[in-house]
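Here the structure is laid out as structure tokens; the discussion comes afterwards.
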Amino acid sequence: MTKREGPRRAWFGFRLRAMASLGVAMMLYDKPKLAGTLVGVMFAVVLSLQQLSILSGLLDKNTMLVDHAGADIWIAPAGTEQLQPGLPLSDAVLMRARTTRGVSLAEPLVFSGATVKTPSGASEPVTLLGSTQPLRLGGPWALVAGESSAIEHADTVIFEDSERDTLGSLNLGSRRELNGRLVTAGGFTWGLLPFGPAYAFADIDLARELTGLPENQHSFVLVRIREGEDAGVVARRLADRIPEVKVMTTSAFHDSIVHRLLADQLGVSFGTSTAFGLLIGFAIVALSMFSSVLDHVREFGTLKAIGCTNFDLTKLLLAQSLGYAIFGSLIGMAVVTGMAEGIRSPQLVPIIDPRLYLLAPLAMIVLCMAASVLALFRVRSLEPGLVFR
Amino acid sequence: MSELAVSARGVTKTFGRGSLAFTALHGVDFHVERGEFVMLAGPSGSGKTTLLSILGCVLTRTSGDVELLGRRVSALPERKLPAVRLAMIGFVFQGHNLLPALSAHDNVAFVLKMKGWRDRDADREASRLLERVDLGDREFVRPAQLSGGQRQRVAIARALAGDPPLVLADEPTAALDAANGLRATELLRDVAAERGGSVVVVTHDNRIFHLADRIVHIEDGRVASEEGAPS
């Protein structure tokens with residue numbers, strides 16, 4: 001008899017490793033099934049991530065002013081939930097805000113619809129924002145031509161770059177009639193297109209002249225807090241002192257806009273698309289894994305005959321699920337990143353939250369594991385004796 | 001008295017119920033001693049494979065007792081049988097049933113790893129077994145690239161991995177030509193003997209009968225006769 005080494009016990013989890021390795025090997029060996037399943041996972045990732053990135057982009061269009069205004073706290077007309085013109089705030093509101101403890105500065109913002117007359121005689125709407133020197137809380141930002149300081153010059157307005165054609169081949173120095181008064185294009189921003197008309201920026205005095213908003217009235221009051229103060233605390237203090245208005249921290253206003261948009265308009269539409277993507281991905285993965293088990297019934301029967309338990313085979317299928325989820329997610333995320341870059345435009349900038357790059361594979365792992373249940377039921381029902389038939 | 005590797009006493013197996021019931025085995029008594037090489041012969045449908053399946057704990061008997069190394073496995077609940085199969089029984093199937101995704105080496109090493117061998121030891125033992133069945137040079141080839149005879153030799157190496165006390169082979173020569181069938185059966189007998197294992201081979205291939213220590217004939221679900229190997 002040949003002298004052989006006796007078996008030395010492997011460390012805890014040896015069966016898991018053996019089954020997981022076998023699962024991955026079987027997965028990689030059956031290339032058509034692998035490709036089909038990966039397409040399913042990729043489809044789910046691409047469709048759901050693309051929908052979420054477009055949704056994020058659309059939400060950003062509506063929150064960009066709040067996010068980029070440079071304020072810690074927004075004081076808005078009572079009942080404000082979204083960024084839109086309401087009843088003007090009185091000067092008393094501004095004064096009380098400036099004298100509230102914890103407030104570093106409070107500046108008015110003019111926010112109003114306006115109309116630009118093009119050389120062809122057409123009228124194009126813009127959303128005119130008037131901010132004060134020197135901090136210019138409320139913009140402009142994201143300039144691609146000219147300087148933000150341009151609006152300090154008389155009759156100068158900064159327009160949205162992507163609207164230049166709409167506004168009649170607008171260039172730096174072009175003159176247009178805005179609400180009946182000639183103004184000069186002093187710069188251009190990129191991508192500042194909310195759901196409504198594009199933003200246009202002017203000094204607050206010019207904005208007041210153009211919109212007819214008196215000096216003692218303001219669309220919003222933007223507040224910066226003193227260093228070391230908590231925005232939430234100062235906001236509550238302001239709300240106590242000025243109960244007739246709505247006081248929100250920037251993040252609370254951002255959340256309010258997002259919540260309203262999701263609840264009223266975008267949530268159902270994008271939620272349905274995303275859910276469909278996940279559902280179709282789930283179906284493809286489930287059917288693919290199930291048919292893979294059917295194709296390899298004899299192998300699973302053999303594994304059972306040689307001593308693998310149902311729990312061992314569960315590990316094998318879960319390892320395959322994990323493999324499909326990770327590989328499919330990586331491919332899907334690469335595709336969706338490329339697609340997001342491809343469709344990026346001033347009208348829509350898809351935003352992929354970095355957290356989604358972690359969340360997507362986790363969601364796919366859950367999806368694939370759930371999808372493997374059907375296959376698992378089939379495997380569990382297999383009799384080891386079938387290998388002798 | 002020799003120690004028994006496996007014994008079946010009064011084993012009956014009935015498939016189906018009522019008017020559709022079919023009894024494949026009628027109170028079969030059968031035993032294999034340690035180190036013995038026994039062949040189960042008989043015509044198709046005689047119950048050979050049913051008996052093999054019951055001995056291999058992949059099919060439950062309707063009545064009677066089965067003992068493996070003195071342990072009454074017929075009384076064990078189904079959930080405990082996989083552990084018995086893994087530890088005590090090696091299988092050689094008619095169609096070799098190798099895992100196509102794994103190389104010959106990995107097919108053998110997989111069983112050892114499932115038995116708890118460390119990777120390095122399992123790999124070394126798998127290589128040794130494949131060398132023993134003359135497949136040292138085809139170790140890392142997948143089953144699809146092996147001939148029928150080579151596949152069956154891998155299956156033999158896999159069945160013997162970890163030295164199970166009992167190896168059950170179902171028509172191991174059915175898909176092989178005469179020379180390969182003989183060679184595979186000789187290897188199974190010799191390697192099992194080296195490792196102290198007992199072997200039960202179901203076959204109706206009379207070209208390999210001479211390799212058996214004992215031949216048990218099954219007919220109509222009953223042991224019809226027992227004889228020594230023809231010389």
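To be explicit about the labels: the chains of the structure tokens are called A, B, and onward in the order shown, and within each one the residues are counted from 1, while ligands get numbers from 1 in the order they are shown.
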
Please produce, as a tab-separated table, a per-residue contact table for chain B versus chain A (criterion: any atom at most 6 Å away, only C-alpha atoms considered), showing the nearest atom pair and its distance in Å to one decimal, sorted by chain then residue number.
```
residue	atom	partner	partner_atom	distance
B:Val58	CA	A:Gly385	CA	4.9
B:Leu59	CA	A:Gly385	CA	5.8
B:Pro82	CA	A:Gly307	CA	4.2
B:Ala83	CA	A:Gly307	CA	5.8
B:Arg85	CA	A:Gly307	CA	5.1
B:Leu86	CA	A:Gly307	CA	4.2
B:Ala101	CA	A:Met26	CA	5.2
B:Met114	CA	A:Arg15	CA	5.4
B:Gly116	CA	A:Ala10	CA	5.3
B:Trp117	CA	A:Pro7	CA	5.2
B:Arg118	CA	A:Ala10	CA	4.4
B:Glu194	CA	A:Met1	CA	4.9
```

At a cut-off of 12 Å, using only C-alpha atoms, what residues contact Arg181 in chain A? Leave out same-chain residues fewer than 3 positions from it and give the result as a ChimeraX atom specification. /A:114-117,155-157,175-178,184,206-207,209-212

Extract, using only C-alpha atoms, all DNA, RNA and protein residues at most 10 Å from Val154 in chain B, discarding same-chain residues fewer than 2 positions from it, and format them as an mmCIF file with N, CA and C atoms, in the first residue's frame.
```
data_model
loop_
_atom_site.group_PDB
_atom_site.id
_atom_site.type_symbol
_atom_site.label_atom_id
_atom_site.label_comp_id
_atom_site.auth_asym_id
_atom_site.auth_seq_id
_atom_site.Cartn_x
_atom_site.Cartn_y
_atom_site.Cartn_z
ATOM 1 N N VAL B 92 -18.973 5.580 -8.678
ATOM 2 C CA VAL B 92 -18.567 5.633 -10.086
ATOM 3 C C VAL B 92 -19.843 5.412 -10.893
ATOM 4 N N HIS B 96 -19.966 8.568 -16.054
ATOM 5 C CA HIS B 96 -18.853 9.221 -15.343
ATOM 6 C C HIS B 96 -19.294 10.408 -14.493
ATOM 7 N N LEU B 98 -18.725 13.535 -14.340
ATOM 8 C CA LEU B 98 -17.740 14.502 -13.848
ATOM 9 C C LEU B 98 -18.323 15.895 -13.997
ATOM 10 N N SER B 103 -11.434 20.855 -13.975
ATOM 11 C CA SER B 103 -10.435 19.977 -14.589
ATOM 12 C C SER B 103 -10.491 18.613 -13.892
ATOM 13 N N ALA B 104 -9.810 17.652 -14.490
ATOM 14 C CA ALA B 104 -9.744 16.320 -13.873
ATOM 15 C C ALA B 104 -9.230 16.441 -12.437
ATOM 16 N N HIS B 105 -8.196 17.216 -12.278
ATOM 17 C CA HIS B 105 -7.595 17.425 -10.953
ATOM 18 C C HIS B 105 -8.617 18.008 -9.982
ATOM 19 N N ASN B 107 -11.858 17.973 -10.162
ATOM 20 C CA ASN B 107 -12.951 17.045 -9.870
ATOM 21 C C ASN B 107 -12.594 16.154 -8.689
ATOM 22 N N VAL B 108 -11.353 15.720 -8.653
ATOM 23 C CA VAL B 108 -10.914 14.833 -7.564
ATOM 24 C C VAL B 108 -10.682 15.646 -6.283
ATOM 25 N N ALA B 126 -4.922 14.619 -4.983
ATOM 26 C CA ALA B 126 -5.612 14.503 -6.281
ATOM 27 C C ALA B 126 -4.601 14.179 -7.372
ATOM 28 N N LEU B 129 -3.571 10.527 -7.021
ATOM 29 C CA LEU B 129 -4.595 9.597 -7.502
ATOM 30 C C LEU B 129 -4.659 9.566 -9.028
ATOM 31 N N LEU B 130 -4.563 10.751 -9.635
ATOM 32 C CA LEU B 130 -4.623 10.801 -11.103
ATOM 33 C C LEU B 130 -3.388 10.153 -11.725
ATOM 34 N N VAL B 133 -3.993 6.481 -11.746
ATOM 35 C CA VAL B 133 -4.871 5.967 -12.811
ATOM 36 C C VAL B 133 -4.338 6.364 -14.194
ATOM 37 N N ASP B 134 -3.042 6.651 -14.221
ATOM 38 C CA ASP B 134 -2.329 6.943 -15.481
ATOM 39 C C ASP B 134 -2.829 8.191 -16.202
ATOM 40 N N LEU B 135 -3.207 9.192 -15.405
ATOM 41 C CA LEU B 135 -3.645 10.439 -16.027
ATOM 42 C C LEU B 135 -2.819 11.629 -15.539
ATOM 43 N N ARG B 138 -2.672 14.380 -17.908
ATOM 44 C CA ARG B 138 -3.944 14.990 -18.345
ATOM 45 C C ARG B 138 -4.661 15.628 -17.155
ATOM 46 N N GLU B 139 -3.897 15.905 -16.118
ATOM 47 C CA GLU B 139 -4.467 16.322 -14.844
ATOM 48 C C GLU B 139 -5.308 17.595 -14.952
ATOM 49 N N PRO B 143 -12.998 17.541 -18.532
ATOM 50 C CA PRO B 143 -13.547 16.261 -19.006
ATOM 51 C C PRO B 143 -13.866 16.253 -20.495
ATOM 52 N N LEU B 146 -11.213 14.906 -22.644
ATOM 53 C CA LEU B 146 -10.702 13.554 -22.347
ATOM 54 C C LEU B 146 -11.523 12.517 -23.108
ATOM 55 N N GLY B 148 -13.484 8.770 -23.434
ATOM 56 C CA GLY B 148 -14.403 8.109 -22.521
ATOM 57 C C GLY B 148 -13.680 7.311 -21.446
ATOM 58 N N GLY B 149 -12.642 6.586 -21.853
ATOM 59 C CA GLY B 149 -11.886 5.786 -20.903
ATOM 60 C C GLY B 149 -11.165 6.653 -19.884
ATOM 61 N N GLN B 150 -10.634 7.771 -20.368
ATOM 62 C CA GLN B 150 -9.924 8.673 -19.448
ATOM 63 C C GLN B 150 -10.901 9.281 -18.441
ATOM 64 N N ARG B 151 -12.081 9.645 -18.915
ATOM 65 C CA ARG B 151 -13.083 10.220 -18.008
ATOM 66 C C ARG B 151 -13.460 9.222 -16.920
ATOM 67 N N GLN B 152 -13.627 7.965 -17.337
ATOM 68 C CA GLN B 152 -14.020 6.981 -16.343
ATOM 69 C C GLN B 152 -12.895 6.760 -15.337
ATOM 70 N N ILE B 156 -13.039 7.207 -11.341
ATOM 71 C CA ILE B 156 -12.528 6.217 -10.371
ATOM 72 C C ILE B 156 -11.644 6.921 -9.334
ATOM 73 N N ALA B 157 -10.792 7.800 -9.815
ATOM 74 C CA ALA B 157 -9.931 8.551 -8.890
ATOM 75 C C ALA B 157 -10.785 9.374 -7.932
ATOM 76 N N ARG B 158 -11.836 9.981 -8.461
ATOM 77 C CA ARG B 158 -12.721 10.788 -7.602
ATOM 78 C C ARG B 158 -13.417 9.908 -6.569
ATOM 79 N N ALA B 159 -13.874 8.731 -7.013
ATOM 80 C CA ALA B 159 -14.586 7.835 -6.096
ATOM 81 C C ALA B 159 -13.677 7.362 -4.959
ATOM 82 N N LEU B 160 -12.398 7.254 -5.264
ATOM 83 C CA LEU B 160 -11.456 6.737 -4.255
ATOM 84 C C LEU B 160 -10.820 7.855 -3.421
ATOM 85 N N ALA B 184 -10.335 0.048 -16.961
ATOM 86 C CA ALA B 184 -10.958 0.861 -15.916
ATOM 87 C C ALA B 184 -11.318 -0.009 -14.715
#
```

Polymer residues at most 8 Å from Leu129 in chain A, only C-alpha atoms, same-chain spacing of 3 or more positions, as a list in words: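 Skipping anything fewer than 3 positions along the chain leaves Leu109, Val110, Phe111, Ser112, Gly138, Gly139, Tyr199, Ala200, Phe201, Ala202, Ile204 and Ala207 of chain A.
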
Would you work out the distance separating CA of Ser127 in chain B from CA of Asn180 in chain B, expressed in Å to one decimal?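 These two atoms are separated by 21.3 Å.
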
If you measure from CA of Glu125 in chain B to CA of Val199 in chain B, what distance in Å do you get, rounded to one decimal?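 Separation between CA of Glu125 in chain B and CA of Val199 in chain B: 20.4 Å.
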
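Distance-wise, CA of Glu33 in chain B and CA of Glu3 in chain B end up 5.9 Å apart.
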
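The smallest atom-to-atom distance between Asp190 in chain B and any of B:Leu211, B:Ala174, B:Leu20, B:Leu51, using only C-alpha atoms, is found for B:Leu211.
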
List every residue of range 116-299 of chain A that DSSP, applied to the backbone, labels as strand (DSSP E), and write the result as a VMD selection string. chain A and resid 116 to 117 123 to 131 143 to 146 156 to 160 175 to 178 181 to 189 199 to 203 217 to 218 220 to 225 245 to 249

Please produce a file of those selected residues containing C-alpha atoms, as a PDB file, in the first residue's frame.
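Here's the written file out-v9.pdb:
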```pdb
ATOM      1  CA  VAL A 116     -36.385  89.165 -23.388  1.00  0.00           C
ATOM      2  CA  LYS A 117     -37.286  90.515 -26.816  1.00  0.00           C
ATOM      3  CA  SER A 123     -40.418  87.170 -26.610  1.00  0.00           C
ATOM      4  CA  GLU A 124     -38.460  84.678 -24.537  1.00  0.00           C
ATOM      5  CA  PRO A 125     -38.967  84.241 -20.803  1.00  0.00           C
ATOM      6  CA  VAL A 126     -36.133  84.265 -18.258  1.00  0.00           C
ATOM      7  CA  THR A 127     -36.025  84.100 -14.481  1.00  0.00           C
ATOM      8  CA  LEU A 128     -34.301  87.246 -13.343  1.00  0.00           C
ATOM      9  CA  LEU A 129     -32.230  87.159 -10.177  1.00  0.00           C
ATOM     10  CA  GLY A 130     -30.976  90.343  -8.566  1.00  0.00           C
ATOM     11  CA  SER A 131     -28.263  90.086  -5.935  1.00  0.00           C
ATOM     12  CA  LEU A 143     -19.771  81.256 -15.645  1.00  0.00           C
ATOM     13  CA  VAL A 144     -18.304  80.138 -18.964  1.00  0.00           C
ATOM     14  CA  ALA A 145     -17.832  83.637 -20.409  1.00  0.00           C
ATOM     15  CA  GLY A 146     -17.336  87.008 -18.757  1.00  0.00           C
ATOM     16  CA  THR A 156     -25.574  94.561 -17.636  1.00  0.00           C
ATOM     17  CA  VAL A 157     -27.137  91.117 -17.340  1.00  0.00           C
ATOM     18  CA  ILE A 158     -25.552  87.654 -17.354  1.00  0.00           C
ATOM     19  CA  PHE A 159     -27.495  85.132 -19.411  1.00  0.00           C
ATOM     20  CA  GLU A 160     -27.495  81.339 -19.799  1.00  0.00           C
ATOM     21  CA  ARG A 175     -27.941  94.374 -26.463  1.00  0.00           C
ATOM     22  CA  ARG A 176     -31.438  93.059 -25.866  1.00  0.00           C
ATOM     23  CA  GLU A 177     -34.673  94.505 -24.595  1.00  0.00           C
ATOM     24  CA  LEU A 178     -35.504  92.958 -21.204  1.00  0.00           C
ATOM     25  CA  ARG A 181     -35.440  98.160 -21.312  1.00  0.00           C
ATOM     26  CA  LEU A 182     -32.184  97.640 -23.207  1.00  0.00           C
ATOM     27  CA  VAL A 183     -29.549  95.643 -21.340  1.00  0.00           C
ATOM     28  CA  THR A 184     -26.100  94.351 -22.310  1.00  0.00           C
ATOM     29  CA  ALA A 185     -25.036  90.694 -22.139  1.00  0.00           C
ATOM     30  CA  GLY A 186     -22.034  90.785 -19.792  1.00  0.00           C
ATOM     31  CA  GLY A 187     -21.424  87.057 -19.352  1.00  0.00           C
ATOM     32  CA  PHE A 188     -22.802  83.579 -19.743  1.00  0.00           C
ATOM     33  CA  THR A 189     -23.452  80.761 -17.329  1.00  0.00           C
ATOM     34  CA  TYR A 199     -31.753  82.116 -14.901  1.00  0.00           C
ATOM     35  CA  ALA A 200     -30.463  85.572 -15.810  1.00  0.00           C
ATOM     36  CA  PHE A 201     -28.465  87.583 -13.292  1.00  0.00           C
ATOM     37  CA  ALA A 202     -28.381  91.312 -12.647  1.00  0.00           C
ATOM     38  CA  ASP A 203     -27.424  93.674  -9.868  1.00  0.00           C
ATOM     39  CA  GLN A 217     -39.680  94.725  -0.853  1.00  0.00           C
ATOM     40  CA  HIS A 218     -37.742  91.535  -1.463  1.00  0.00           C
ATOM     41  CA  PHE A 220     -36.272  86.322  -0.501  1.00  0.00           C
ATOM     42  CA  VAL A 221     -33.855  87.280   2.256  1.00  0.00           C
ATOM     43  CA  LEU A 222     -30.649  85.251   2.323  1.00  0.00           C
ATOM     44  CA  VAL A 223     -28.872  84.895   5.652  1.00  0.00           C
ATOM     45  CA  ARG A 224     -25.317  83.988   6.568  1.00  0.00           C
ATOM     46  CA  ILE A 225     -24.755  82.933  10.156  1.00  0.00           C
ATOM     47  CA  VAL A 245     -42.525  84.338   7.036  1.00  0.00           C
ATOM     48  CA  LYS A 246     -41.068  80.916   6.408  1.00  0.00           C
ATOM     49  CA  VAL A 247     -37.502  80.422   7.634  1.00  0.00           C
ATOM     50  CA  MET A 248     -35.556  77.417   6.390  1.00  0.00           C
ATOM     51  CA  THR A 249     -31.973  76.347   6.553  1.00  0.00           C
TER      52      THR A 249
END
```

For Leu58 in chain A: contacts at 10 Å, only C-alpha atoms, fewer than 3 positions along chain excluded, given as a list in words: Leu52, Ser53, Ile54, Leu55, Lys61, Asn62, Thr63, Met64, Leu193, Pro194, Phe195, Val258, Leu261, Leu266, Gln347, Leu348, Val349, Pro350 and Ile351 of chain A

Expected file contents, prior selection, N, CA and C atoms, as a PDB file, in the first residue's frame:
```pdb
ATOM      1  N   LEU A  52     -32.252  57.083 -12.000  1.00  0.00           N
ATOM      2  CA  LEU A  52     -31.922  57.819 -10.769  1.00  0.00           C
ATOM      3  C   LEU A  52     -31.003  58.997 -11.063  1.00  0.00           C
ATOM      4  N   SER A  53     -30.056  58.810 -12.010  1.00  0.00           N
ATOM      5  CA  SER A  53     -29.138  59.918 -12.311  1.00  0.00           C
ATOM      6  C   SER A  53     -29.872  61.050 -13.033  1.00  0.00           C
ATOM      7  N   ILE A  54     -30.820  60.687 -13.875  1.00  0.00           N
ATOM      8  CA  ILE A  54     -31.604  61.737 -14.543  1.00  0.00           C
ATOM      9  C   ILE A  54     -32.503  62.430 -13.515  1.00  0.00           C
ATOM     10  N   LEU A  55     -33.086  61.632 -12.627  1.00  0.00           N
ATOM     11  CA  LEU A  55     -33.908  62.229 -11.572  1.00  0.00           C
ATOM     12  C   LEU A  55     -33.075  63.182 -10.721  1.00  0.00           C
ATOM     13  N   LYS A  61     -31.651  70.663 -10.961  1.00  0.00           N
ATOM     14  CA  LYS A  61     -32.049  71.874 -11.706  1.00  0.00           C
ATOM     15  C   LYS A  61     -32.925  72.774 -10.842  1.00  0.00           C
ATOM     16  N   ASN A  62     -33.695  72.145  -9.990  1.00  0.00           N
ATOM     17  CA  ASN A  62     -34.631  72.914  -9.169  1.00  0.00           C
ATOM     18  C   ASN A  62     -34.061  73.323  -7.820  1.00  0.00           C
ATOM     19  N   THR A  63     -32.988  72.713  -7.433  1.00  0.00           N
ATOM     20  CA  THR A  63     -32.399  73.080  -6.138  1.00  0.00           C
ATOM     21  C   THR A  63     -31.091  73.836  -6.323  1.00  0.00           C
ATOM     22  N   MET A  64     -30.639  73.980  -7.568  1.00  0.00           N
ATOM     23  CA  MET A  64     -29.293  74.538  -7.774  1.00  0.00           C
ATOM     24  C   MET A  64     -29.158  75.944  -7.206  1.00  0.00           C
ATOM     25  N   LEU A 193     -30.446  76.028 -15.890  1.00  0.00           N
ATOM     26  CA  LEU A 193     -31.792  75.926 -16.460  1.00  0.00           C
ATOM     27  C   LEU A 193     -32.689  75.151 -15.509  1.00  0.00           C
ATOM     28  N   PRO A 194     -33.465  75.835 -14.712  1.00  0.00           N
ATOM     29  CA  PRO A 194     -34.407  75.104 -13.845  1.00  0.00           C
ATOM     30  C   PRO A 194     -35.565  74.590 -14.691  1.00  0.00           C
ATOM     31  N   PHE A 195     -36.580  74.006 -14.039  1.00  0.00           N
ATOM     32  CA  PHE A 195     -37.750  73.560 -14.814  1.00  0.00           C
ATOM     33  C   PHE A 195     -38.396  74.734 -15.556  1.00  0.00           C
ATOM     34  N   VAL A 258     -37.138  69.062  -3.013  1.00  0.00           N
ATOM     35  CA  VAL A 258     -37.021  67.678  -3.488  1.00  0.00           C
ATOM     36  C   VAL A 258     -38.263  66.879  -3.107  1.00  0.00           C
ATOM     37  N   LEU A 261     -41.247  67.875  -5.234  1.00  0.00           N
ATOM     38  CA  LEU A 261     -41.140  67.386  -6.620  1.00  0.00           C
ATOM     39  C   LEU A 261     -41.385  65.875  -6.697  1.00  0.00           C
ATOM     40  N   LEU A 266     -42.325  63.962 -10.007  1.00  0.00           N
ATOM     41  CA  LEU A 266     -41.288  63.098 -10.551  1.00  0.00           C
ATOM     42  C   LEU A 266     -41.227  61.707  -9.921  1.00  0.00           C
ATOM     43  N   GLN A 347     -29.149  71.403 -20.719  1.00  0.00           N
ATOM     44  CA  GLN A 347     -30.550  71.121 -20.387  1.00  0.00           C
ATOM     45  C   GLN A 347     -30.667  70.024 -19.325  1.00  0.00           C
ATOM     46  N   LEU A 348     -29.743  69.081 -19.357  1.00  0.00           N
ATOM     47  CA  LEU A 348     -29.812  67.989 -18.391  1.00  0.00           C
ATOM     48  C   LEU A 348     -28.415  67.459 -18.075  1.00  0.00           C
ATOM     49  N   VAL A 349     -28.088  67.523 -16.827  1.00  0.00           N
ATOM     50  CA  VAL A 349     -26.823  66.940 -16.371  1.00  0.00           C
ATOM     51  C   VAL A 349     -27.169  65.771 -15.451  1.00  0.00           C
ATOM     52  N   PRO A 350     -27.107  64.527 -15.984  1.00  0.00           N
ATOM     53  CA  PRO A 350     -27.381  63.398 -15.077  1.00  0.00           C
ATOM     54  C   PRO A 350     -26.352  63.376 -13.942  1.00  0.00           C
ATOM     55  N   ILE A 351     -26.837  63.194 -12.760  1.00  0.00           N
ATOM     56  CA  ILE A 351     -25.927  63.198 -11.600  1.00  0.00           C
ATOM     57  C   ILE A 351     -25.962  61.823 -10.960  1.00  0.00           C
TER      58      ILE A 351
END
```
